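Listing of start-v5.cif, mmCIF, C-alpha atoms; chains and numbers go by the auth columns
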data_my_file
#
loop_
_atom_site.group_PDB
_atom_site.id
_atom_site.type_symbol
_atom_site.label_atom_id
_atom_site.label_comp_id
_atom_site.label_asym_id
_atom_site.label_seq_id
_atom_site.Cartn_x
_atom_site.Cartn_y
_atom_site.Cartn_z
_atom_site.B_iso_or_equiv
_atom_site.auth_seq_id
_atom_site.auth_asym_id
ATOM 1 C CA MET A 1 102.781 101.207 85.512 0.00 7 A
ATOM 2 C CA GLU A 2 102.019 104.862 86.156 0.00 8 A
ATOM 3 C CA LYS A 3 98.618 106.520 86.491 0.00 9 A
ATOM 4 C CA GLN A 4 97.834 110.205 86.807 0.00 10 A
ATOM 5 C CA HIS A 5 94.795 111.438 88.748 0.00 11 A
ATOM 6 C CA VAL A 6 93.334 114.851 89.502 0.00 12 A
ATOM 7 C CA LEU A 7 91.109 114.871 92.588 0.00 13 A
ATOM 8 C CA ARG A 8 88.605 117.688 92.693 0.00 14 A
ATOM 9 C CA LYS A 9 87.014 119.116 95.840 0.00 15 A
ATOM 10 C CA GLY A 10 85.102 116.409 97.695 0.00 16 A
ATOM 11 C CA GLN A 11 86.389 113.603 95.460 0.00 17 A
ATOM 12 C CA VAL A 12 87.922 110.563 97.180 0.00 18 A
ATOM 13 C CA LEU A 13 89.900 107.833 95.452 0.00 19 A
ATOM 14 C CA ARG A 14 89.870 104.486 97.276 0.00 20 A
ATOM 15 C CA GLY A 15 91.783 101.373 96.358 0.00 21 A
ATOM 16 C CA TYR A 16 94.174 98.607 97.252 0.00 22 A
ATOM 17 C CA LEU A 17 97.840 99.341 96.596 0.00 23 A
ATOM 18 C CA ARG A 18 100.659 96.813 96.459 0.00 24 A
ATOM 19 C CA ALA A 19 103.862 97.115 98.455 0.00 25 A
ATOM 20 C CA GLY A 20 106.377 99.261 96.583 0.00 26 A
ATOM 21 C CA THR A 21 103.766 101.566 95.053 0.00 27 A
ATOM 22 C CA GLN A 22 104.722 105.247 95.102 0.00 28 A
ATOM 23 C CA ILE A 23 102.327 108.192 95.352 0.00 29 A
ATOM 24 C CA LEU A 24 103.782 111.486 94.086 0.00 30 A
ATOM 25 C CA VAL A 25 102.013 114.827 94.578 0.00 31 A
ATOM 26 C CA GLN A 26 102.542 117.038 91.524 0.00 32 A
ATOM 27 C CA ARG A 27 100.289 119.893 92.641 0.00 33 A
ATOM 28 C CA GLY A 28 98.196 120.711 95.709 0.00 34 A
ATOM 29 C CA LYS A 29 97.775 118.955 99.046 0.00 35 A
ATOM 30 C CA LEU A 30 96.858 115.266 99.381 0.00 36 A
ATOM 31 C CA HIS A 31 95.185 113.650 102.391 0.00 37 A
ATOM 32 C CA LEU A 32 96.244 110.007 102.577 0.00 38 A
ATOM 33 C CA GLN A 33 94.559 107.450 104.830 0.00 39 A
ATOM 34 C CA TYR A 34 96.222 104.032 104.878 0.00 40 A
ATOM 35 C CA THR A 35 95.609 100.682 106.587 0.00 41 A
ATOM 36 C CA PRO A 36 97.963 97.724 106.011 0.00 42 A
ATOM 37 C CA HIS A 37 96.027 94.698 104.728 0.00 43 A
ATOM 38 C CA TYR A 38 96.979 92.470 107.630 0.00 44 A
ATOM 39 C CA MET A 39 95.875 95.001 110.268 0.00 45 A
ATOM 40 C CA GLY A 40 92.665 96.298 108.699 0.00 46 A
ATOM 41 C CA GLU A 41 90.400 95.175 111.529 0.00 47 A
ATOM 42 C CA LEU A 42 92.901 95.694 114.340 0.00 48 A
ATOM 43 C CA LEU A 43 94.528 99.039 113.718 0.00 49 A
ATOM 44 C CA LEU A 44 93.277 102.568 113.236 0.00 50 A
ATOM 45 C CA PRO A 45 94.085 103.931 109.790 0.00 51 A
ATOM 46 C CA GLN A 46 97.232 106.022 109.484 0.00 52 A
ATOM 47 C CA ASN A 47 96.634 109.580 108.276 0.00 53 A
ATOM 48 C CA ARG A 48 99.189 111.657 106.446 0.00 54 A
ATOM 49 C CA VAL A 49 99.189 114.921 104.504 0.00 55 A
ATOM 50 C CA LEU A 50 101.480 115.215 101.482 0.00 56 A
ATOM 51 C CA LEU A 51 102.313 118.577 99.940 0.00 57 A
ATOM 52 C CA GLU A 52 103.407 119.439 96.419 0.00 58 A
ATOM 53 C CA GLY A 53 106.631 117.641 95.502 0.00 59 A
ATOM 54 C CA GLU A 54 106.386 115.046 98.289 0.00 60 A
ATOM 55 C CA PHE A 55 105.849 111.331 97.824 0.00 61 A
ATOM 56 C CA GLU A 56 104.856 108.304 99.869 0.00 62 A
ATOM 57 C CA LEU A 57 106.246 104.813 99.407 0.00 63 A
ATOM 58 C CA ILE A 58 103.719 102.134 100.343 0.00 64 A
ATOM 59 C CA GLU A 59 105.836 99.621 102.261 0.00 65 A
ATOM 60 C CA GLU A 60 103.046 97.129 103.019 0.00 66 A
ATOM 61 C CA ALA A 61 100.155 96.327 100.691 0.00 67 A
ATOM 62 C CA GLY A 62 96.854 97.708 101.920 0.00 68 A
ATOM 63 C CA TRP A 63 93.798 99.880 101.425 0.00 69 A
ATOM 64 C CA VAL A 64 94.160 103.627 100.878 0.00 70 A
ATOM 65 C CA SER A 65 91.848 106.606 100.640 0.00 71 A
ATOM 66 C CA LEU A 66 93.163 109.655 98.798 0.00 72 A
ATOM 67 C CA ALA A 67 91.447 113.036 98.987 0.00 73 A
ATOM 68 C CA GLY A 68 92.355 116.558 97.976 0.00 74 A
ATOM 69 C CA ASP A 69 91.060 119.832 96.611 0.00 75 A
ATOM 70 C CA GLY A 70 92.357 120.051 93.046 0.00 76 A
ATOM 71 C CA VAL A 71 95.363 117.864 93.794 0.00 77 A
ATOM 72 C CA GLU A 72 97.268 116.232 90.935 0.00 78 A
ATOM 73 C CA ILE A 73 98.965 112.934 91.772 0.00 79 A
ATOM 74 C CA HIS A 74 100.896 110.153 90.066 0.00 80 A
ATOM 75 C CA ILE A 75 100.547 106.573 91.321 0.00 81 A
ATOM 76 C CA ILE A 76 103.516 104.464 90.269 0.00 82 A
ATOM 77 C CA ASP A 77 103.232 100.692 90.707 0.00 83 A
ATOM 78 C CA THR A 78 106.725 99.235 90.544 0.00 84 A
ATOM 79 C CA SER A 79 105.720 95.669 91.409 0.00 85 A
ATOM 80 C CA SER A 80 105.834 94.438 87.794 0.00 86 A
ATOM 81 C CA VAL A 81 109.344 95.868 87.400 0.00 87 A
ATOM 82 C CA ARG A 82 110.453 94.119 90.588 0.00 88 A
ATOM 83 C CA ARG A 83 109.001 90.805 89.384 0.00 89 A
ATOM 84 C CA TRP A 84 111.072 91.036 86.184 0.00 90 A
ATOM 85 C CA ALA A 85 114.179 91.956 88.184 0.00 91 A
ATOM 86 C CA TRP A 86 113.699 88.893 90.402 0.00 92 A
ATOM 87 C CA LYS A 87 113.258 86.645 87.351 0.00 93 A
ATOM 88 C CA ILE A 88 116.426 87.998 85.726 0.00 94 A
ATOM 89 C CA GLN A 89 118.320 87.672 88.998 0.00 95 A
ATOM 90 C CA ALA A 90 117.180 84.035 89.317 0.00 96 A
ATOM 91 C CA LEU A 91 118.298 83.301 85.751 0.00 97 A
ATOM 92 C CA LEU A 92 121.702 84.896 86.304 0.00 98 A
ATOM 93 C CA ALA A 93 122.216 82.971 89.544 0.00 99 A
ATOM 94 C CA GLY A 94 122.595 79.785 87.491 0.00 100 A
ATOM 95 C CA PHE A 95 125.691 81.102 85.670 0.00 101 A
#

For this file, write the structure as structure tokens.
Amino acid sequence: MEKQHVLRKGQVLRGYLRAGTQILVQRGKLHLQYTPHYMGELLLPQNRVLLEGEFELIEEAGWVSLAGDGVEIHIIDTSSVRRWAWKIQALLAGF
């Protein structure tokens, strides 16, 4: 599933992203703050800046805050595709 967002000045998008989710910056500069779900109370959030054309792969599920000034991003959740791939792989293993 793919979602497109445009974050205007001062706008922050917060949410929980699953492992395997990709964040692609189409235009502008994105400020990403990320905390893995299992370390939320123990670890300081990781901060990263993504520029136009760059992307981030979320390796561990967790909470994110996304901010930018007129930044256009695509959030691509590949988890449903992976679930289908695992199901097909399990079915084929029986042959």

- Distance in Å - atom CA of Gln10 of chain A versus atom CA of Ile94 of chain A: 29.0 Å

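In this model, the gap between atom CA of Val70 of chain A and atom CA of Gln17 of chain A comes to 13.8 Å.
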
- Task: To one decimal in Å, tell me the separation between atom CA of Asn53 of chain A and atom CA of Leu38 of chain A.
- Result: 5.7 Å

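Residue nearest Gln52 of chain A, chosen from A:His80, A:His37, A:Arg20, A:Arg14 and counting only C-alpha atoms: A:His37.
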
- Query: On this structure, which residues satisfy the PyMOL selection byres ((chain A and resi 79) around 12), written as an NGL selection string?
  - Reply: :A and (8-14 or 19 or 28-38 or 56-62 or 72-78 or 80-82)

Once you add 8 Å to each side, what are the centre and edge lengths of the axis-aligned box holding all listed atoms of segment 51-54 of chain A? One decimal in Å, as JSON, if you can.
{"center_x": 96.6, "center_y": 107.8, "center_z": 108.1, "size_x": 21.1, "size_y": 23.7, "size_z": 19.3}

- Task: Could you check which of A:Glu65, A:Leu50, A:Val55, A:Thr41 is closest to Ala25 of chain A, using all atoms listed in the file?
- Result: A:Glu65
